[in-house]
Each structure stands twice: as C-alpha cells, then as structure tokens.
$ cat structure.txt   # compact mmCIF, C-alpha atoms
# COMPACT_ATOMS: atom_id res chain seq x y z
CA MET A 1 -53.89 198.64 90.04
CA GLN A 2 -54.27 199.59 86.40
CA ILE A 3 -55.83 202.61 84.72
CA GLN A 4 -56.54 202.84 81.00
CA LEU A 5 -57.23 206.25 79.49
CA LEU A 6 -58.85 206.49 76.06
CA ILE A 7 -58.82 210.08 74.80
CA PRO A 8 -59.95 210.65 71.18
CA GLY A 9 -59.04 214.11 69.94
CA LEU A 10 -55.90 214.47 72.05
CA LEU A 11 -53.84 214.55 68.85
CA TRP A 12 -54.53 217.79 66.98
CA PRO A 13 -55.42 216.67 63.45
CA THR A 14 -53.54 219.19 61.32
CA ALA A 15 -50.12 220.73 61.13
CA THR A 16 -49.95 224.40 62.11
CA LEU A 17 -47.21 226.97 61.78
CA LEU A 18 -47.35 227.51 65.53
CA GLY A 19 -47.66 224.33 67.60
CA PRO A 20 -51.30 223.81 68.70
CA ALA A 21 -50.27 223.24 72.33
CA ALA A 22 -47.61 225.96 72.38
CA GLY A 23 -47.54 228.02 75.57
CA LEU A 24 -49.67 225.62 77.63
CA ALA A 25 -48.33 224.41 80.98
CA LEU A 26 -48.64 220.64 80.58
CA ASP A 27 -46.05 219.40 83.05
CA GLY A 28 -48.05 216.33 84.06
CA LEU A 29 -48.52 215.16 80.48
CA ALA A 30 -44.84 215.88 79.74
CA ALA A 31 -43.86 213.72 82.72
CA LEU A 32 -46.03 210.84 81.51
CA LEU A 33 -44.57 211.10 78.00
CA GLY A 34 -40.97 211.35 79.21
CA ARG A 35 -40.86 208.89 82.10
CA GLY A 36 -42.86 206.18 80.36
CA THR A 37 -42.70 204.89 76.80
CA HIS A 38 -44.67 206.28 73.89
CA SER A 39 -45.20 205.17 70.33
CA MET A 40 -47.28 206.07 67.30
CA LEU A 41 -49.29 203.26 65.75
CA GLY A 42 -51.04 203.29 62.39
CA PHE A 43 -54.47 204.80 61.87
CA GLU A 44 -57.46 202.82 63.10
CA PRO A 45 -60.99 204.18 63.60
CA TYR A 46 -61.75 205.19 67.18
CA ASP A 47 -64.88 203.04 67.47
CA ARG A 48 -62.93 199.90 66.59
CA GLN A 49 -60.32 200.65 69.22
CA LEU A 50 -63.03 201.24 71.79
CA ALA A 51 -64.82 197.99 70.88
CA ARG A 52 -61.57 196.01 71.07
CA LEU A 53 -61.13 197.06 74.70
CA PHE A 54 -64.37 195.15 75.30
CA GLY A 55 -63.19 192.11 73.32
CA LEU A 56 -65.11 192.87 70.11
CA GLU A 57 -63.43 192.60 66.71
CA GLY A 58 -64.61 192.77 63.11
CA ASP A 59 -66.02 195.05 60.44
CA ALA A 60 -69.72 194.60 61.27
CA LEU A 61 -69.91 195.61 64.91
CA PRO A 62 -73.42 196.41 66.26
CA LEU A 63 -72.47 199.99 67.10
CA ALA A 64 -76.00 201.33 66.75
CA ALA A 65 -77.45 198.74 69.12
CA LEU A 66 -74.63 199.40 71.59
CA ARG A 67 -75.02 203.18 71.42
CA ARG A 68 -78.79 202.82 71.84
CA LEU A 69 -78.14 200.69 74.92
CA GLY A 70 -76.11 203.57 76.34
CA GLU A 71 -78.95 206.09 76.15
CA THR A 72 -80.93 207.18 79.21
CA ASP A 73 -84.04 205.16 78.27
CA ALA A 74 -82.04 202.13 77.15
CA PRO A 75 -84.07 199.09 76.05
CA PRO A 76 -83.10 195.59 77.21
CA PRO A 77 -80.02 194.36 75.28
CA THR A 78 -82.05 191.48 73.79
CA ASP A 79 -85.26 193.35 72.93
CA GLY A 80 -85.61 191.63 69.54
CA ASN A 81 -85.18 194.88 67.57
CA HIS A 82 -82.38 195.81 65.20
CA TRP A 83 -80.98 199.30 65.18
CA LEU A 84 -79.29 201.84 62.95
CA CYS A 85 -78.00 205.22 64.05
CA ALA A 86 -79.82 207.80 61.92
CA ASP A 87 -78.20 211.04 63.00
CA PRO A 88 -79.37 214.39 61.57
CA VAL A 89 -76.76 216.09 59.38
CA ASN A 90 -76.29 218.95 56.98
CA LEU A 91 -75.09 218.30 53.43
CA SER A 92 -73.59 221.13 51.41
CA PHE A 93 -71.53 221.52 48.25
CA ALA A 94 -67.92 222.72 48.43
CA ARG A 95 -66.59 223.07 44.91
CA GLU A 96 -67.32 219.69 43.27
CA HIS A 97 -67.80 217.70 46.49
CA MET A 98 -70.78 217.23 48.78
CA LEU A 99 -69.57 217.51 52.38
CA LEU A 100 -71.29 216.41 55.58
CA GLN A 101 -71.46 218.29 58.86
CA ALA A 102 -72.96 217.08 62.13
CA PHE A 103 -74.83 219.11 64.75
CA ASP A 104 -74.12 219.75 68.41
CA ASP A 105 -77.06 219.32 70.78
CA ASP A 106 -77.27 223.05 71.35
CA GLN A 107 -77.58 223.68 67.61
CA LEU A 108 -80.87 221.82 67.20
CA PRO A 109 -83.83 222.43 69.57
CA ALA A 110 -85.57 219.33 70.89
CA GLU A 111 -88.96 220.43 69.53
CA GLU A 112 -87.53 220.82 66.01
CA SER A 113 -85.88 217.43 66.26
CA ALA A 114 -89.18 215.85 67.28
CA GLN A 115 -91.04 217.40 64.34
CA LEU A 116 -88.43 216.22 61.83
CA VAL A 117 -88.48 212.69 63.22
CA ALA A 118 -92.28 212.67 63.02
CA ALA A 119 -92.07 213.65 59.34
CA LEU A 120 -89.70 210.76 58.64
CA ASN A 121 -92.00 208.31 60.39
CA GLU A 122 -94.91 209.37 58.19
CA VAL A 123 -92.92 208.47 55.07
CA PHE A 124 -91.00 205.41 56.23
CA ALA A 125 -93.62 203.61 58.35
CA ASP A 126 -93.16 200.40 56.33
CA LEU A 127 -89.38 200.40 56.85
CA GLY A 128 -89.06 200.91 60.60
CA ARG A 129 -89.48 203.61 63.20
CA PHE A 130 -87.28 206.65 63.75
CA GLU A 131 -86.77 207.97 67.26
CA ALA A 132 -84.70 210.74 68.84
CA CYS A 133 -82.98 210.08 72.15
CA THR A 134 -81.40 213.53 72.05
CA PRO A 135 -81.85 216.33 69.49
CA THR A 136 -78.81 215.06 67.55
CA ARG A 137 -78.78 211.33 68.27
CA TRP A 138 -81.49 209.64 66.24
CA TYR A 139 -82.11 205.95 65.64
CA LEU A 140 -84.00 203.77 63.20
CA ARG A 141 -85.53 200.66 64.77
CA LEU A 142 -85.87 197.79 62.27
CA PRO A 143 -87.87 194.57 62.44
CA GLN A 144 -85.01 192.57 60.95
CA ALA A 145 -81.29 192.83 60.38
CA SER A 146 -79.88 194.36 57.22
CA ARG A 147 -76.86 193.13 55.27
CA VAL A 148 -75.04 196.38 54.65
CA THR A 149 -71.78 198.12 55.48
CA LEU A 150 -72.34 201.67 56.73
CA TYR A 151 -69.61 204.10 57.76
CA PRO A 152 -69.63 205.73 61.22
CA LEU A 153 -70.56 209.39 61.27
CA ASP A 154 -67.21 210.44 62.78
CA ASP A 155 -65.41 208.98 59.74
CA VAL A 156 -67.44 211.12 57.33
CA VAL A 157 -67.69 214.55 59.00
CA GLY A 158 -66.04 217.19 56.82
CA ARG A 159 -65.25 214.74 54.03
CA PRO A 160 -66.75 214.04 50.59
CA VAL A 161 -69.80 211.84 51.11
CA LYS A 162 -69.27 209.94 47.85
CA HIS A 163 -66.41 207.97 49.43
CA PHE A 164 -68.62 206.62 52.24
CA LEU A 165 -71.79 205.39 50.56
CA PRO A 166 -73.47 202.15 51.70
CA GLU A 167 -71.92 198.89 50.55
CA GLY A 168 -73.01 195.27 50.59
CA GLU A 169 -76.08 193.21 49.73
CA ASP A 170 -78.64 195.82 50.86
CA ALA A 171 -76.63 198.86 49.76
CA ARG A 172 -79.19 200.01 47.17
CA LEU A 173 -82.01 199.96 49.73
CA TRP A 174 -80.13 202.19 52.15
CA GLN A 175 -78.78 204.50 49.48
CA ARG A 176 -82.35 205.01 48.28
CA THR A 177 -83.57 205.49 51.86
CA MET A 178 -80.95 208.16 52.54
CA ASN A 179 -81.83 209.95 49.29
CA GLU A 180 -85.56 209.90 50.10
CA ALA A 181 -84.93 211.10 53.66
CA GLN A 182 -82.87 213.93 52.21
CA ILE A 183 -85.84 215.04 50.10
CA VAL A 184 -88.25 214.87 53.07
CA LEU A 185 -85.99 216.89 55.33
CA HIS A 186 -84.87 219.39 52.70
CA ASN A 187 -88.49 220.24 51.85
CA HIS A 188 -89.65 220.48 55.46
CA ALA A 189 -90.83 223.89 56.60
CA LEU A 190 -88.41 223.84 59.54
CA SER A 191 -85.43 223.39 57.22
CA ARG A 192 -86.54 226.31 55.07
CA ALA A 193 -87.04 228.44 58.17
CA ARG A 194 -83.56 227.59 59.45
CA GLU A 195 -81.99 228.51 56.11
CA ALA A 196 -83.95 231.77 56.02
CA SER A 197 -82.60 232.70 59.45
CA GLY A 198 -79.01 231.88 58.46
CA LEU A 199 -78.81 228.53 60.30
CA ARG A 200 -77.67 225.22 58.87
CA ALA A 201 -80.65 223.11 57.88
CA VAL A 202 -81.14 219.48 58.81
CA ASN A 203 -81.37 218.21 55.25
CA SER A 204 -80.38 214.56 55.61
CA VAL A 205 -79.72 211.71 58.03
CA TRP A 206 -76.57 209.63 58.20
CA LEU A 207 -77.26 205.93 58.71
CA TRP A 208 -74.57 203.85 60.38
CA GLY A 209 -73.83 201.23 63.01
CA ALA A 210 -75.35 198.16 61.32
CA GLY A 211 -74.24 194.85 62.80
CA GLU A 212 -75.29 191.89 64.90
CA PHE A 213 -74.04 190.52 68.21
CA GLU A 214 -71.84 187.50 67.48
CA ARG A 215 -70.65 187.63 71.08
CA MET A 216 -71.35 189.92 74.00
CA PRO A 217 -68.73 192.47 75.11
CA GLN A 218 -66.41 191.54 77.97
CA ALA A 219 -65.69 193.91 80.86
CA PRO A 220 -62.25 195.50 80.36
CA ALA A 221 -61.86 196.54 84.01
CA ALA A 222 -63.65 196.57 87.35
CA LEU A 223 -65.17 199.96 86.43
CA VAL A 224 -65.81 201.94 83.25
CA GLN A 225 -65.99 205.72 83.49
CA ALA A 226 -67.53 207.50 80.50
CA THR A 227 -70.20 209.94 79.42
CA ASP A 228 -70.69 209.02 75.74
CA PRO A 229 -73.51 206.55 75.02
CA LEU A 230 -71.39 204.12 72.98
CA SER A 231 -68.95 203.55 75.86
CA ILE A 232 -71.84 203.34 78.33
CA GLY A 233 -73.65 200.85 76.09
CA LEU A 234 -70.55 198.65 75.84
CA ALA A 235 -70.18 198.73 79.62
CA ARG A 236 -73.85 197.84 80.17
CA ALA A 237 -73.69 195.00 77.64
CA SER A 238 -70.61 193.61 79.43
CA GLN A 239 -72.39 193.96 82.80
CA CYS A 240 -69.61 196.23 84.01
CA PRO A 241 -70.36 199.07 86.45
CA VAL A 242 -70.26 202.45 84.75
CA ALA A 243 -69.89 205.96 86.16
CA THR A 244 -68.90 209.44 85.07
CA PRO A 245 -65.13 210.13 84.94
CA ASP A 246 -63.78 210.82 88.43
CA LEU A 247 -60.12 210.49 89.38
CA ALA A 248 -60.64 209.65 93.05
CA SER A 249 -62.91 206.74 92.15
CA ALA A 250 -60.63 205.58 89.33
CA LEU A 251 -57.73 205.29 91.79
CA ARG A 252 -59.61 202.73 93.89
CA GLN A 253 -59.82 199.88 91.34
CA ASP A 254 -58.83 198.84 87.83
CA THR A 255 -60.60 201.38 85.62
CA LEU A 256 -61.13 202.21 81.97
CA VAL A 257 -61.68 205.96 81.58
CA VAL A 258 -63.05 207.29 78.28
CA ILE A 259 -62.73 211.07 77.99
CA ASP A 260 -64.15 212.54 74.78
CA SER A 261 -64.05 216.26 75.67
CA LEU A 262 -61.44 216.92 72.95
CA HIS A 263 -63.11 214.82 70.27
CA LYS A 264 -65.47 217.38 68.75
CA PRO A 265 -63.13 220.40 69.11
CA ALA A 266 -60.45 218.47 67.21
CA GLN A 267 -62.95 217.28 64.62
CA ARG A 268 -64.21 220.85 64.05
CA LEU A 269 -60.67 222.32 64.17
CA ASP A 270 -61.80 224.55 67.06
CA LEU A 271 -58.34 225.29 68.42
CA ASP A 272 -59.45 227.53 71.28
CA ALA A 273 -61.90 224.94 72.65
CA TRP A 274 -59.33 222.20 72.18
CA ARG A 275 -56.67 224.14 74.13
CA ARG A 276 -59.13 224.84 76.95
CA GLY A 277 -60.05 221.18 77.08
CA LEU A 278 -56.40 220.16 77.12
CA GLU A 279 -55.71 222.47 80.05
CA ALA A 280 -58.64 220.91 81.93
CA LEU A 281 -57.27 217.43 81.27
CA GLU A 282 -53.87 218.47 82.59
CA ARG A 283 -55.43 219.85 85.76
CA ASP A 284 -57.90 217.04 86.40
CA TRP A 285 -56.06 213.97 85.07
CA PHE A 286 -52.51 214.22 83.75
CA ALA A 287 -50.89 216.07 86.65
CA PRO A 288 -52.68 214.04 89.39
CA LEU A 289 -51.93 210.76 87.59
CA ALA A 290 -48.24 211.64 87.24
CA GLU A 291 -48.17 212.33 90.98
CA ALA A 292 -50.03 209.09 91.75
CA LEU A 293 -47.44 207.15 89.75
CA ARG A 294 -44.65 208.90 91.63
CA ARG A 295 -46.22 207.91 94.95
CA GLY A 296 -46.72 204.30 93.86
CA ARG A 297 -50.53 204.41 93.89
CA ILE A 298 -50.76 203.04 90.32
CA ASP A 299 -49.06 199.93 88.99
CA THR A 300 -49.62 200.71 85.31
CA LEU A 301 -51.15 203.55 83.33
CA ARG A 302 -51.90 203.25 79.63
CA LEU A 303 -53.05 206.24 77.59
CA THR A 304 -54.42 205.67 74.09
CA ALA A 305 -55.19 208.64 71.84
CA PRO A 306 -56.75 207.74 68.45
CA GLY A 307 -56.20 210.40 65.79
CA ASP A 308 -56.79 210.85 62.08
CA ARG A 309 -53.13 210.12 61.19
CA GLY A 310 -52.37 207.45 63.79
CA THR A 311 -52.77 206.46 67.41
CA LEU A 312 -50.56 207.63 70.26
CA VAL A 313 -49.96 205.01 72.96
CA VAL A 314 -48.26 206.01 76.22
CA ALA A 315 -47.40 203.37 78.83
CA ASN A 316 -46.23 204.11 82.37
CA ARG A 317 -45.29 201.69 85.13
CA ARG A 318 -44.73 202.39 88.80
CA SER A 319 -41.02 201.50 88.43
CA ASP A 320 -40.57 204.25 85.80
CA HIS A 321 -40.41 206.75 88.66
CA TRP A 322 -36.87 205.60 89.42
CA LYS A 323 -35.62 206.17 85.87
CA PHE A 324 -34.36 209.65 86.65
CA TRP A 325 -32.45 209.87 83.40
CA ARG A 326 -35.70 210.04 81.46
CA LYS A 327 -36.63 213.67 81.12
CA PRO A 328 -40.10 215.19 80.53
CA TYR A 329 -41.11 215.35 76.90
CA ALA A 330 -43.18 218.38 75.90
CA PHE A 331 -46.48 217.47 74.29
CA ASP A 332 -46.15 220.22 71.70
CA ALA A 333 -42.82 218.72 70.60
CA LEU A 334 -44.52 215.36 70.18
CA LEU A 335 -47.29 216.92 68.06
CA LYS A 336 -44.70 218.55 65.84
CA SER A 337 -42.84 215.26 65.46
CA THR A 338 -46.01 213.55 64.18
CA ALA A 339 -47.01 216.33 61.77
CA PRO A 340 -46.57 215.66 58.04
CA ALA A 341 -43.21 216.70 56.69
CA PRO A 342 -43.29 220.03 54.85
CA ILE A 343 -42.98 220.03 51.10
CA THR A 344 -39.43 220.93 50.06
CA LEU A 345 -38.62 222.62 46.81
CA PRO A 346 -35.53 221.66 44.80
CA ASP A 347 -32.52 223.95 45.13
CA ALA A 348 -31.92 224.05 41.40
CA PRO A 349 -34.46 224.73 38.66
CA PRO A 350 -35.59 221.70 36.65
CA PRO A 351 -33.58 220.95 33.51
CA THR A 352 -34.80 222.48 30.29
CA ALA A 353 -34.80 221.02 26.84
CA PRO A 354 -31.74 222.00 24.78
CA HIS A 355 -32.28 224.98 22.52
CA THR A 356 -32.11 224.32 18.79
CA ASP A 357 -32.12 226.85 15.99
CA ARG A 358 -34.50 226.42 13.18

$ encode --input "structure.txt" --output "structure tokens"
Amino acid sequence: MQIQLLIPGLLWPTATLLGPAAGLALDGLAALLGRGTHSMLGFEPYDRQLARLFGLEGDALPLAALRRLGETDAPPPTDGNHWLCADPVNLSFAREHMLLQAFDDDQLPAEESAQLVAALNEVFADLGRFEACTPTRWYLRLPQASRVTLYPLDDVVGRPVKHFLPEGEDARLWQRTMNEAQIVLHNHALSRAREASGLRAVNSVWLWGAGEFERMPQAPAALVQATDPLSIGLARASQCPVATPDLASALRQDTLVVIDSLHKPAQRLDLDAWRRGLEALERDWFAPLAEALRRGRIDTLRLTAPGDRGTLVVANRRSDHWKFWRKPYAFDALLKSTAPAPITLPDAPPPTAPHTDR
C-alpha cells in the first residue's frame, strides 16, 4: 500500500535568526526524515506539481475549470463554458511597487462579495459572467476560450504585480479588463466604507487559470483526500473518489492526501499559526504514519512539500525500519540547512588607491 502526502507550506519560506520549528516536539517527522531518504529539488509552482500527480503537464493547464469543478455546486466537466478564476484582491503601493494581497473567507462577508460581483456583471455583461462560489473564490464564465497566459494568484501574493501581467495573444484584452475592474471596485461604495473603517478594500480582481483540456486527468491513487477545490476538481475530473483527509481511511488503500493547512500561514509569514498547524500535522499524520511504517502497515510513503525556494521530497519504505543506523533528523535542522547562506563580510578592508602628493 502506498500513501502520497502533498503539503504546501511545510517549508517555512524565510530564514530566521531562531529556527521556525525550534522547540516543537516533532519526533514522528524526524523519524520519517531520518529513516527514509530526503532531497531538495528545484523550485516548481505548487499547482504544476499537483497537476502532474494527475498526469497533466504544460504551461496552459485549465486550472480555473478544474477549481470550478471542485466547488460545492460544480457544473458538469463538459458544460461548454470556459472559465477564469477572478479572485478579489487588494492592491496597494509599497515604495515604488504595487503589491497584491488576497483575502481569507472570514475577511470578506458573503453579502459584500455578492454586491461587488453584481457590480462587475453590470459593467462586463458583454464579456462573460462573474460568479462567487465563496466570498473569496470568484470566477468569470466565458463563452469562448482565450489565448492568454495568466499567473496563478499564489505566485503573485506579496510580490510586485508588474512582473505577473497577462501575456500572449489576448494579453491586452485581459490587461484592460483587469484595469477596468479595478476602477469599478475601487469606486464602489463598499470599498470606500471598508477603507473608512480601517479594513482592506477589494479594489481589484486577479484573473488566472486560463487553459483548455487537452486530456483528462488520470487518477493518481484509489482515493484522493483533500479539502481545497483544485484538488477536489482534479479528483472529480479523473473520476477518482474524493474525501476529506482522514488517516484511518488513508491506511486502507493507496491514497493521495493533500493537506494545505500550512499554505496560507506560510504565505502570510504567520509564524504562530504555522507552528500550531505543524504541531497538528505531527499529532494527526507524521507520528501515526511513522508508527504505521514501523509496524509494516505501509509499503511506501512519499511526502512532497513545495516551497518558494525548492521542493522537499521524503521517501520511506517499509524496509527502512530495519536500518537502525539511520538516526532521526530534526526538522528544524533541515530548515536551517535549506536557508540561504548569510552574507559574509571580508576580514580585511578593501584596497585603497595609492596616495599621491600634488
């Protein structure tokens, strides 16, 4: 039996003076790191790694259509519509750059979301139709496909927007659409009210996920366990059973488990939330899985953790239990080993030009 764990956000994204996982009891994770093999691969966006598990490759993956398929009121996978994610965001200037920030569901009331979407539909009726599946997951339904490269929201959060503008044949159309949507939302009474009360305004949408199905996803396991709509959509498109993450169920058949509880805390650099989430993962997954390997209940366990500097891959086999000479490897030590090297200053001052008398 095989279990695959995909955990975005497990790798803390920045170097800190004190290790981000320092002081946490992570014996199960340490056992998995020490008894098995681990390696750091180069950076690759999380969504591409997730899609590859379902047999999808390429730069123009239909991520919006797949995420829409993972929503509660999912349409049929061949409904004849084309989709873009059109998530509400906040744009703000930091020095000379315009930065983008996303919203959590609890930061935007459903009634406000509905009013903002209605305002967009009044302006863009000839383009398509906006809809909100949750307060912070919006979509734009199009009558036909668009030839454009759009960057996933997760790649842009906290970074200068100018590096992630639309590209391709229809780039000008979507750049203009995003600019016009920014004007509509910025001038909306709800946005002004939020700013007046000290809240971040919804002053733009981020369009992403354009792409067409060249082939349907393939089931990566007998069961997919996930809670995020993109993973659920991929599972539904591959006709694979899908359920919420549950260890007891995962131990009964080959299972892909996607756990994204650390994703947003890492993205927002919320260290306290990240540490709490890591402790929960140790209790609910790492320690029980290490014990299941020891008892021979799992043939192979593969943990993949996409991060902003690279991807951690940990592989464990049932036979690794007998390799007693392999000692546990503390997770905090691994994080420190992957952190950027500190800048070193030269021991001697730089040479100076020879002095000449005039």

$ residues_around --input "structure.txt" --residues "range 185-195 of chain A" --least-positions-apart "5" --cutoff "7 Å" --atoms "only C-alpha atoms" --output "NGL selection string"
:A and (116 or 200-204)

$ residues_around --input "structure.txt" --residues "Thr300 in chain A" --least-positions-apart "3" --cutoff "9 Å" --atoms "only C-alpha atoms" --output "PDB file with C-alpha atoms, in the coordinates of the input"
ATOM      1  CA  MET A   1     -53.890 198.640  90.040  1.00  0.00           C
ATOM      2  CA  GLN A   2     -54.270 199.590  86.400  1.00  0.00           C
ATOM      3  CA  ILE A   3     -55.830 202.610  84.720  1.00  0.00           C
ATOM      4  CA  GLN A   4     -56.540 202.840  81.000  1.00  0.00           C
ATOM      5  CA  LEU A 293     -47.440 207.150  89.750  1.00  0.00           C
ATOM      6  CA  ALA A 315     -47.400 203.370  78.830  1.00  0.00           C
ATOM      7  CA  ASN A 316     -46.230 204.110  82.370  1.00  0.00           C
ATOM      8  CA  ARG A 317     -45.290 201.690  85.130  1.00  0.00           C
ATOM      9  CA  ARG A 318     -44.730 202.390  88.800  1.00  0.00           C
TER      10      ARG A 318
END

$ atom_distance --input "structure.txt" --atom1 "CA of Leu108 in chain A" --atom2 "CA of Asp246 in chain A"
29.4 Å

$ residues_around --input "structure.txt" --residues "Ser261 in chain A" --least-positions-apart "4" --cutoff "10 Å" --atoms "only C-alpha atoms" --output "ChimeraX atom specification"
/A:7-10,227-228,265-266,273-274,276-278,280-281

$ residues_around --input "structure.txt" --residues "Phe331 in chain A" --least-positions-apart "3" --cutoff "7 Å" --atoms "only C-alpha atoms" --output "list of chain:residue names"
A:Leu29, A:Ala30, A:Leu334, A:Leu335

$ axis_aligned_box --input "structure.txt" --around "range 185-197 of chain A" --padding-each-side "5 Å" --output "lines of an AutoDock Vina configuration file"
center_x = -86.4
center_y = 224.8
center_z = 55.7
size_x = 18.8
size_y = 25.8
size_z = 17.7

$ residues_around --input "structure.txt" --residues "Leu50 in chain A" --least-positions-apart "6" --cutoff "10 Å" --atoms "only C-alpha atoms" --output "short mmCIF file (atom, residue, chain, number, x, y, z; two decimals) with C-alpha atoms, in the coordinates of the input"
data_model
loop_
_atom_site.label_atom_id
_atom_site.label_comp_id
_atom_site.auth_asym_id
_atom_site.auth_seq_id
_atom_site.Cartn_x
_atom_site.Cartn_y
_atom_site.Cartn_z
CA LEU A 6 -58.85 206.49 76.06
CA PRO A 8 -59.95 210.65 71.18
CA LEU A 56 -65.11 192.87 70.11
CA LEU A 230 -71.39 204.12 72.98
CA SER A 231 -68.95 203.55 75.86
CA LEU A 234 -70.55 198.65 75.84
CA VAL A 258 -63.05 207.29 78.28
CA THR A 304 -54.42 205.67 74.09
CA PRO A 306 -56.75 207.74 68.45
#

$ closest_residue --input "structure.txt" --among "A:Val205, A:Ala65, A:Leu26, A:Ser337" --to "Gln182 in chain A" --atoms "all atoms listed in the file"
A:Val205

$ closest_residue --input "structure.txt" --among "A:Ala237, A:Val314, A:Leu153, A:Leu303" --to "Ala102 in chain A" --atoms "only C-alpha atoms"
A:Leu153

$ decode --input "structure.txt" --residues "range 250-274 of chain A" --atoms "N, CA and C atoms" --output "short mmCIF file (atom, residue, chain, number, x, y, z; two decimals), in the first residue's frame"
data_model
loop_
_atom_site.label_atom_id
_atom_site.label_comp_id
_atom_site.auth_asym_id
_atom_site.auth_seq_id
_atom_site.Cartn_x
_atom_site.Cartn_y
_atom_site.Cartn_z
N ALA A 250 -7.11 6.52 4.93
CA ALA A 250 -5.95 6.51 4.04
C ALA A 250 -5.15 5.22 4.17
N LEU A 251 -5.17 4.61 5.35
CA LEU A 251 -4.41 3.39 5.59
C LEU A 251 -5.08 2.14 5.02
N ARG A 252 -6.23 2.30 4.39
CA ARG A 252 -6.94 1.14 3.87
C ARG A 252 -6.75 0.92 2.37
N GLN A 253 -6.18 1.92 1.65
CA GLN A 253 -5.94 1.77 0.21
C GLN A 253 -4.92 2.79 -0.24
N ASP A 254 -4.42 2.64 -1.46
CA ASP A 254 -3.49 3.63 -2.00
C ASP A 254 -4.19 4.98 -2.02
N THR A 255 -3.52 6.00 -1.43
CA THR A 255 -4.19 7.28 -1.22
C THR A 255 -3.25 8.44 -1.49
N LEU A 256 -3.77 9.45 -2.17
CA LEU A 256 -3.11 10.75 -2.25
C LEU A 256 -3.79 11.68 -1.26
N VAL A 257 -3.00 12.26 -0.35
CA VAL A 257 -3.53 13.15 0.67
C VAL A 257 -2.93 14.55 0.45
N VAL A 258 -3.79 15.52 0.19
CA VAL A 258 -3.36 16.91 0.02
C VAL A 258 -3.78 17.67 1.27
N ILE A 259 -2.78 18.18 1.99
CA ILE A 259 -3.05 18.93 3.23
C ILE A 259 -2.50 20.34 3.05
N ASP A 260 -3.40 21.32 2.99
CA ASP A 260 -2.97 22.70 2.72
C ASP A 260 -3.13 23.61 3.94
N SER A 261 -3.16 23.03 5.14
CA SER A 261 -3.37 23.84 6.35
C SER A 261 -2.20 24.78 6.65
N LEU A 262 -1.02 24.49 6.11
CA LEU A 262 0.15 25.36 6.34
C LEU A 262 0.37 26.35 5.21
N HIS A 263 -0.39 26.22 4.14
CA HIS A 263 -0.13 27.00 2.94
C HIS A 263 -0.28 28.50 3.18
N LYS A 264 -1.44 28.91 3.68
CA LYS A 264 -1.66 30.34 3.90
C LYS A 264 -0.83 30.91 5.05
N PRO A 265 -0.68 30.20 6.18
CA PRO A 265 0.20 30.74 7.22
C PRO A 265 1.63 30.98 6.72
N ALA A 266 2.16 30.07 5.90
CA ALA A 266 3.49 30.28 5.36
C ALA A 266 3.51 31.45 4.39
N GLN A 267 2.49 31.53 3.57
CA GLN A 267 2.40 32.61 2.58
C GLN A 267 2.32 33.97 3.25
N ARG A 268 1.59 34.05 4.38
CA ARG A 268 1.43 35.32 5.10
C ARG A 268 2.52 35.55 6.13
N LEU A 269 3.46 34.62 6.26
CA LEU A 269 4.52 34.68 7.28
C LEU A 269 3.92 34.77 8.68
N ASP A 270 2.83 34.03 8.90
CA ASP A 270 2.18 33.96 10.21
C ASP A 270 2.81 32.79 10.97
N LEU A 271 3.89 33.07 11.68
CA LEU A 271 4.68 32.01 12.29
C LEU A 271 3.90 31.27 13.37
N ASP A 272 3.13 31.97 14.17
CA ASP A 272 2.37 31.30 15.23
C ASP A 272 1.37 30.31 14.65
N ALA A 273 0.62 30.72 13.63
CA ALA A 273 -0.36 29.82 13.01
C ALA A 273 0.34 28.65 12.34
N TRP A 274 1.48 28.93 11.73
CA TRP A 274 2.24 27.86 11.07
C TRP A 274 2.73 26.83 12.08
#
